[in-house]
Amino acid sequence: MEFNDGRFVSKEHRELVQSASESADPLSVSPLQISTSPKSPRSPMLKSPKGQGSKHVSGKSSSPKMGSPKLGSPRSPRTSMSPSKGSPLKYDRHSHSPRDGLPKKGGSGGKGTWGGLFDTEDNRFLDPKDPNYDSNEEFENPNTRKSTADIIEYKKMATVIVEEYFATDDVVSTANELRELGMPGYNYYFVKKLVSMAMDRHDKEKEMAAVLLSALYADVIDPPQVFRGFCKLVESADDLIVDIPDTVDVLALFIARAVVDDILPPVFLKKQMVSLPNDSKGIEVLKRAEKGYLAAPLHAEIIERRWGGSKNKTVEDVKVRINNLLIEYVVSGDKKEACRCIKDLQVPFYHHEIVKRALTMAMERCQAEGQLLDLLKESAEEGLINASQVSKGFGRMIDTVDDLSLDIPNARGILQSLISKAASEGWLCASSLKSLSVKPEKSSLEDSAAKIFKMKAQSIIQEYFLSGDILEVSSCLESEITTSTSSDELDAIFVKRLITLAMDRKNREKEMASVLLSSLFFPADDVVNGFVMLIESADDTALDNPIVVEDLAMFLARAVVDEVLAPQHLEEIGSQFLGQDSIGSKVLQMGKSLLKARLSGERILRCWGGGGSSRSGWAVEDVKDKIGKLLEEYESGGDVREACRCIKELGMPFFHHEVVKKALVNYIEKKNERLWCLLKECFRSGLITMNQMTKGFGRVAEALDDLALDVPDAEKQFICYVDRAKAARWLDSSFSFTKQGLAKENGACH
């Protein structure tokens, strides 16, 4: 005999029940029933289907002293009875379903359906009417009925906890409440509920949900439960989109954020794509997460800040905290506390900054080198800092080793030693790093001179942003650069510093930087070197400016529009950044796209307001009117220098071809030699370039038919002026103008 769940069950009882169930006809219309006679409540009659007779089964009742519970339905006390030996389960009109009156399959069932979204193998219920029902299973699994109530209660409590968290933003209390539920096997539902509720709210709640998942991961919610929760979310995307129209984008961003926060492995995307139907919304979600977010450049920073960042922490705040924890670690030597502080930062995508600062500190403080390397080693081995972040931190050190050499003698040699130690200990993949060879000291420019110039250049630029005085900047640079034998390198340094400071400011300063760059007349090669240096340091700049690619592309396109650089210089810059996924390639591609757009010159000029100030740029019609008036004023006896100054103050060098066109048309009509002298002076001073001259002459050639209506010999004059321009080297010798029916004649041109 056995005791099971508080009931007395004999071996004979179990065998009788089994034989009775096996002998019953499964196709019979009338089920096996037990009736209770009012005359004999302790001796139930076993009724068989009609035509099969009846059989009375009697047995000894259990002793009252044993306190055995009654087997009757709690909802029908009148039919309750004490258990008797050999008494099978009774079937009466009262429900004996384990669901106790709840809708079938929780309201998710029905013929031809898949059940509820949260139905699992663990949530199955024993139904005596099931063809596969085994009575022994109910005795062997007494907790089956209990699991139903558990999941229902868990769902209610999870909803309440999420609502309270959104109201209080208390991560610690939420974690404690989830622990108190004591049902870790259902935590996947909490993940699904948290994300699905956040998806239908504002960015604040979305960011709170992402932060909470990162905080609960591993400590409160096991990784498999997080994985399963996101699986459920992707599977239910078709249902979520009914109430949340932007489900595909929002859920894709949640998945990408989970990957960035290292709480969801990247392989999740591929595994789920295989398991989902091709026409499901879940596939769209996974593709959007992979190609729209995780494949983008600087995706980690962009994704982390999409909903406002982790409690609006700034990069500078994180840098200060990293620096403080490293200093405290060097003083105390508490490695466990340092790891805890790294984890509390909750910026796994920014751990490369920890590597970089730790290496810099190790190079500056030789006595702390071993201690800091031990911290990085343990963090890497425990997975606190992943391999990609370690490699990125070392890569950033290699990129900035030249600057470190200004303060740390033999910085290259020390860094090479650190790389060798890390690689030999197995926590750094040295093959993924750039080659670091010990280079000889530069003889063309002393390091101390470069450092001093950088400080002075920053002061000059900051003062210019306040005053806007270009002449003052020019005079200061002239006094600084003329005293150096390597003015080309100083020019490149100034270009880099100017644009770097401008990118961290408003549109007014960006416009002022472009105007200053076009006014200083630096050699094109020096400007090219400056942009190369900017692109090389773009990874570091991106930490403070997530849209560094867009800003650099706009500055590069503006330099071409202002004719500071020629279009072929873009190819020269691109030759130094061959990788398609490199930032340099992305900057060049975006810059070329901007330049190819219709009316690109006008659009690029006005991108930051135009004119080097907060006011908007000139309209094209206004510029044409001003050009016409200044030419009229010059023809009537104006000074050539004053005319050049007015042309320069227009601030539209990409539109100087209009000056060439109007001057040539007036020259053809009025034959005023002063106009030719003006073009000569503009070309000599570099105000109008050969490119703009070529465009201007080309526009006049296109308008010759209309011009000939007023000036019959316009075509003949124009041919002579083209020859003069070629002789003066305003035009390239390849420039040609031919027109059918026109015979070129030699003669004097006025």
# chains A, B, ... in the order shown; residues from 1 in each chain; ligands from 1

call {"tool": "residues_around", "arguments": {"residues": "segment 656-667 of chain A", "least_positions_apart": "2", "cutoff": "6 Å", "atoms": "only C-alpha atoms", "output": "ChimeraX atom specification"}}
result
/A:653-654,669-672,675,692,695-696,700

call {"tool": "atom_distance", "arguments": {"atom1": "atom CA of Val250 of chain A", "atom2": "atom CA of Met197 of chain A"}}
result
11.7 Å

call {"tool": "residues_around", "arguments": {"residues": "Ile342 of chain A", "least_positions_apart": "4", "cutoff": "12 Å", "atoms": "only C-alpha atoms", "output": "number ranges by chain"}}
result
A: 318-319, 321-326, 329, 335-338, 346-355, 375-376, 379-380, 383-385

call {"tool": "write_last_selection", "arguments": {"atoms": "N, CA, C and O atoms", "output": "short mmCIF file (atom, residue, chain, number, x, y, z; two decimals), in the first residue's frame"}}
result
data_model
loop_
_atom_site.label_atom_id
_atom_site.label_comp_id
_atom_site.auth_asym_id
_atom_site.auth_seq_id
_atom_site.Cartn_x
_atom_site.Cartn_y
_atom_site.Cartn_z
N VAL A 318 31.08 59.19 -17.71
CA VAL A 318 31.60 57.82 -17.70
C VAL A 318 33.13 57.84 -17.66
O VAL A 318 33.76 57.03 -16.95
N LYS A 319 33.75 58.74 -18.41
CA LYS A 319 35.21 58.83 -18.41
C LYS A 319 35.73 59.15 -17.01
O LYS A 319 36.74 58.58 -16.56
N ARG A 321 34.25 58.50 -14.14
CA ARG A 321 34.05 57.35 -13.27
C ARG A 321 35.09 56.26 -13.55
O ARG A 321 35.58 55.60 -12.62
N ILE A 322 35.42 56.06 -14.83
CA ILE A 322 36.44 55.07 -15.17
C ILE A 322 37.78 55.47 -14.59
O ILE A 322 38.50 54.64 -14.00
N ASN A 323 38.12 56.73 -14.73
CA ASN A 323 39.40 57.21 -14.20
C ASN A 323 39.46 57.05 -12.68
O ASN A 323 40.48 56.62 -12.12
N ASN A 324 38.36 57.37 -12.01
CA ASN A 324 38.33 57.27 -10.54
C ASN A 324 38.46 55.83 -10.06
O ASN A 324 39.18 55.53 -9.10
N LEU A 325 37.76 54.91 -10.75
CA LEU A 325 37.83 53.52 -10.30
C LEU A 325 39.23 52.92 -10.52
O LEU A 325 39.70 52.11 -9.72
N LEU A 326 39.91 53.34 -11.59
CA LEU A 326 41.27 52.86 -11.82
C LEU A 326 42.24 53.41 -10.78
O LEU A 326 43.12 52.69 -10.29
N TYR A 329 41.62 51.58 -7.58
CA TYR A 329 42.14 50.22 -7.66
C TYR A 329 43.65 50.19 -7.46
O TYR A 329 44.18 49.32 -6.75
N LYS A 335 40.77 43.95 -6.39
CA LYS A 335 40.38 43.60 -7.76
C LYS A 335 38.88 43.31 -7.85
O LYS A 335 38.22 43.67 -8.83
N LYS A 336 38.33 42.69 -6.81
CA LYS A 336 36.91 42.34 -6.82
C LYS A 336 36.04 43.59 -6.84
O LYS A 336 35.05 43.67 -7.57
N GLU A 337 36.44 44.59 -6.05
CA GLU A 337 35.68 45.84 -6.01
C GLU A 337 35.78 46.58 -7.34
O GLU A 337 34.81 47.18 -7.82
N ALA A 338 36.96 46.53 -7.97
CA ALA A 338 37.14 47.19 -9.26
C ALA A 338 36.25 46.54 -10.32
O ALA A 338 35.63 47.23 -11.14
N GLN A 346 27.53 49.80 -16.46
CA GLN A 346 26.48 49.39 -17.39
C GLN A 346 26.68 50.01 -18.78
O GLN A 346 25.74 50.47 -19.42
N VAL A 347 27.93 50.03 -19.22
CA VAL A 347 28.24 50.51 -20.58
C VAL A 347 29.17 49.49 -21.24
O VAL A 347 30.31 49.81 -21.57
N PRO A 348 28.72 48.27 -21.50
CA PRO A 348 29.62 47.24 -22.06
C PRO A 348 30.19 47.62 -23.41
O PRO A 348 31.29 47.21 -23.77
N PHE A 349 29.46 48.44 -24.19
CA PHE A 349 29.97 48.86 -25.49
C PHE A 349 31.11 49.87 -25.36
O PHE A 349 31.79 50.17 -26.34
N TYR A 350 31.32 50.41 -24.14
CA TYR A 350 32.33 51.45 -23.93
C TYR A 350 33.50 50.94 -23.09
O TYR A 350 34.32 51.71 -22.63
N HIS A 351 33.59 49.62 -22.91
CA HIS A 351 34.67 49.05 -22.10
C HIS A 351 36.04 49.25 -22.72
O HIS A 351 37.05 49.11 -22.03
N HIS A 352 36.08 49.57 -24.02
CA HIS A 352 37.38 49.83 -24.64
C HIS A 352 38.05 51.06 -24.03
O HIS A 352 39.27 51.18 -24.03
N GLU A 353 37.23 51.96 -23.48
CA GLU A 353 37.79 53.14 -22.80
C GLU A 353 38.51 52.72 -21.52
O GLU A 353 39.54 53.31 -21.15
N ILE A 354 37.99 51.70 -20.83
CA ILE A 354 38.66 51.18 -19.63
C ILE A 354 40.02 50.61 -20.01
O ILE A 354 41.03 50.86 -19.33
N VAL A 355 40.05 49.84 -21.10
CA VAL A 355 41.32 49.26 -21.56
C VAL A 355 42.31 50.37 -21.91
O VAL A 355 43.48 50.32 -21.51
N LEU A 375 44.25 43.32 -13.66
CA LEU A 375 42.83 43.68 -13.68
C LEU A 375 42.23 43.44 -15.07
O LEU A 375 41.14 42.86 -15.19
N LEU A 376 42.94 43.87 -16.09
CA LEU A 376 42.43 43.65 -17.45
C LEU A 376 42.36 42.17 -17.79
O LEU A 376 41.41 41.71 -18.44
N SER A 379 39.34 40.65 -15.94
CA SER A 379 38.09 41.13 -16.56
C SER A 379 37.84 40.44 -17.89
O SER A 379 36.69 40.12 -18.22
N ALA A 380 38.90 40.19 -18.65
CA ALA A 380 38.74 39.52 -19.94
C ALA A 380 38.41 38.04 -19.76
O ALA A 380 37.56 37.49 -20.47
N GLY A 383 34.85 37.43 -18.74
CA GLY A 383 33.85 37.90 -19.70
C GLY A 383 33.28 39.26 -19.36
O GLY A 383 32.33 39.71 -20.01
N LEU A 384 33.84 39.91 -18.36
CA LEU A 384 33.36 41.25 -18.01
C LEU A 384 33.67 42.24 -19.13
O LEU A 384 32.85 43.09 -19.47
N ILE A 385 34.86 42.12 -19.70
CA ILE A 385 35.24 42.90 -20.88
C ILE A 385 35.49 41.89 -22.00
O ILE A 385 36.38 41.05 -21.89
#

call {"tool": "closest_residue", "arguments": {"among": "A:Lys421, A:Arg179, A:Lys648, A:Lys291", "to": "Asp219 of chain A", "atoms": "only C-alpha atoms"}}
result
A:Arg179

call {"tool": "residues_around", "arguments": {"residues": "Ile604 of chain A", "least_positions_apart": "3", "cutoff": "8 Å", "atoms": "only C-alpha atoms", "output": "ChimeraX atom specification"}}
result
/A:554,557-558,561,594,600-601,607

call {"tool": "write_last_selection", "arguments": {"atoms": "C-alpha atoms", "output": "PDB file, in the first residue's frame"}}
result
ATOM      1  CA  MET A 554      29.836  67.817 -44.838  1.00  0.00           C
ATOM      2  CA  ALA A 557      32.077  68.558 -49.323  1.00  0.00           C
ATOM      3  CA  ARG A 558      32.099  72.196 -48.186  1.00  0.00           C
ATOM      4  CA  VAL A 561      32.468  73.678 -52.891  1.00  0.00           C
ATOM      5  CA  LEU A 594      26.417  65.359 -51.244  1.00  0.00           C
ATOM      6  CA  SER A 600      24.622  70.731 -54.317  1.00  0.00           C
ATOM      7  CA  GLY A 601      26.644  73.960 -54.076  1.00  0.00           C
ATOM      8  CA  CYS A 607      23.789  73.590 -44.436  1.00  0.00           C
TER       9      CYS A 607
END

call {"tool": "residues_around", "arguments": {"residues": "Cys646 of chain A", "least_positions_apart": "5", "cutoff": "9 Å", "atoms": "only C-alpha atoms", "output": "list in words"}}
result
Ile627, Leu630 and Arg641 of chain A

call {"tool": "write_last_selection", "arguments": {"atoms": "N, CA, C and O atoms", "output": "mmCIF file, in the first residue's frame"}}
result
data_model
loop_
_atom_site.group_PDB
_atom_site.id
_atom_site.type_symbol
_atom_site.label_atom_id
_atom_site.label_comp_id
_atom_site.auth_asym_id
_atom_site.auth_seq_id
_atom_site.Cartn_x
_atom_site.Cartn_y
_atom_site.Cartn_z
ATOM 1 N N ILE A 627 25.907 90.800 -57.915
ATOM 2 C CA ILE A 627 27.010 90.719 -58.878
ATOM 3 C C ILE A 627 26.806 91.746 -59.998
ATOM 4 O O ILE A 627 27.746 92.447 -60.411
ATOM 5 N N LEU A 630 27.598 95.295 -58.595
ATOM 6 C CA LEU A 630 29.018 95.600 -58.351
ATOM 7 C C LEU A 630 29.787 95.747 -59.669
ATOM 8 O O LEU A 630 30.722 96.559 -59.763
ATOM 9 N N ARG A 641 40.325 96.836 -56.513
ATOM 10 C CA ARG A 641 40.461 96.171 -55.213
ATOM 11 C C ARG A 641 39.131 96.152 -54.466
ATOM 12 O O ARG A 641 38.798 95.169 -53.794
#

call {"tool": "residues_around", "arguments": {"residues": "Ser733 of chain A", "least_positions_apart": "2", "cutoff": "12 Å", "atoms": "only C-alpha atoms", "output": "PDB file with C-alpha atoms, in the first residue's frame"}}
result
ATOM      1  CA  MET A 690      40.429  78.004 -63.191  1.00  0.00           C
ATOM      2  CA  THR A 694      35.950  77.329 -67.223  1.00  0.00           C
ATOM      3  CA  VAL A 722      38.817  82.191 -75.409  1.00  0.00           C
ATOM      4  CA  ASP A 723      42.222  82.412 -77.087  1.00  0.00           C
ATOM      5  CA  ARG A 724      43.265  85.271 -74.817  1.00  0.00           C
ATOM      6  CA  ALA A 725      42.137  83.332 -71.747  1.00  0.00           C
ATOM      7  CA  LYS A 726      44.131  80.289 -72.820  1.00  0.00           C
ATOM      8  CA  ALA A 727      47.200  82.468 -73.390  1.00  0.00           C
ATOM      9  CA  ALA A 728      46.786  83.897 -69.878  1.00  0.00           C
ATOM     10  CA  ARG A 729      46.265  80.327 -68.576  1.00  0.00           C
ATOM     11  CA  TRP A 730      42.824  81.103 -67.257  1.00  0.00           C
ATOM     12  CA  LEU A 731      41.554  78.163 -69.292  1.00  0.00           C
ATOM     13  CA  PHE A 735      38.892  73.886 -73.632  1.00  0.00           C
ATOM     14  CA  SER A 736      37.299  74.157 -77.079  1.00  0.00           C
ATOM     15  CA  PHE A 737      34.312  75.843 -78.617  1.00  0.00           C
TER      16      PHE A 737
END

call {"tool": "decode", "arguments": {"residues": "segment 669-681 of chain A", "atoms": "N, CA and C atoms", "output": "PDB file, in the first residue's frame"}}
result
ATOM      1  N   GLU A 669      29.198  93.116 -75.031  1.00  0.00           N
ATOM      2  CA  GLU A 669      28.212  94.133 -75.395  1.00  0.00           C
ATOM      3  C   GLU A 669      28.809  95.551 -75.412  1.00  0.00           C
ATOM      4  N   LYS A 670      29.651  95.855 -74.412  1.00  0.00           N
ATOM      5  CA  LYS A 670      30.124  97.235 -74.253  1.00  0.00           C
ATOM      6  C   LYS A 670      31.595  97.416 -74.620  1.00  0.00           C
ATOM      7  N   LYS A 671      32.312  96.313 -74.748  1.00  0.00           N
ATOM      8  CA  LYS A 671      33.736  96.352 -75.107  1.00  0.00           C
ATOM      9  C   LYS A 671      34.523  97.253 -74.152  1.00  0.00           C
ATOM     10  N   ASN A 672      34.210  97.113 -72.851  1.00  0.00           N
ATOM     11  CA  ASN A 672      34.908  97.882 -71.811  1.00  0.00           C
ATOM     12  C   ASN A 672      36.070  97.033 -71.290  1.00  0.00           C
ATOM     13  N   GLU A 673      37.294  97.437 -71.565  1.00  0.00           N
ATOM     14  CA  GLU A 673      38.485  96.670 -71.198  1.00  0.00           C
ATOM     15  C   GLU A 673      38.648  96.524 -69.692  1.00  0.00           C
ATOM     16  N   ARG A 674      38.019  97.430 -68.926  1.00  0.00           N
ATOM     17  CA  ARG A 674      38.122  97.353 -67.462  1.00  0.00           C
ATOM     18  C   ARG A 674      37.585  96.015 -66.933  1.00  0.00           C
ATOM     19  N   LEU A 675      36.572  95.479 -67.617  1.00  0.00           N
ATOM     20  CA  LEU A 675      36.000  94.203 -67.167  1.00  0.00           C
ATOM     21  C   LEU A 675      37.010  93.071 -67.326  1.00  0.00           C
ATOM     22  N   TRP A 676      37.772  93.102 -68.433  1.00  0.00           N
ATOM     23  CA  TRP A 676      38.815  92.086 -68.610  1.00  0.00           C
ATOM     24  C   TRP A 676      39.895  92.227 -67.536  1.00  0.00           C
ATOM     25  N   CYS A 677      40.222  93.463 -67.199  1.00  0.00           N
ATOM     26  CA  CYS A 677      41.221  93.705 -66.136  1.00  0.00           C
ATOM     27  C   CYS A 677      40.738  93.177 -64.789  1.00  0.00           C
ATOM     28  N   LEU A 678      39.423  93.296 -64.546  1.00  0.00           N
ATOM     29  CA  LEU A 678      38.875  92.770 -63.291  1.00  0.00           C
ATOM     30  C   LEU A 678      39.030  91.257 -63.221  1.00  0.00           C
ATOM     31  N   LEU A 679      38.688  90.559 -64.318  1.00  0.00           N
ATOM     32  CA  LEU A 679      38.855  89.106 -64.335  1.00  0.00           C
ATOM     33  C   LEU A 679      40.318  88.717 -64.164  1.00  0.00           C
ATOM     34  N   LYS A 680      41.198  89.499 -64.793  1.00  0.00           N
ATOM     35  CA  LYS A 680      42.631  89.231 -64.676  1.00  0.00           C
ATOM     36  C   LYS A 680      43.090  89.328 -63.230  1.00  0.00           C
ATOM     37  N   GLU A 681      42.643  90.374 -62.520  1.00  0.00           N
ATOM     38  CA  GLU A 681      43.040  90.561 -61.117  1.00  0.00           C
ATOM     39  C   GLU A 681      42.439  89.470 -60.222  1.00  0.00           C
TER      40      GLU A 681
END
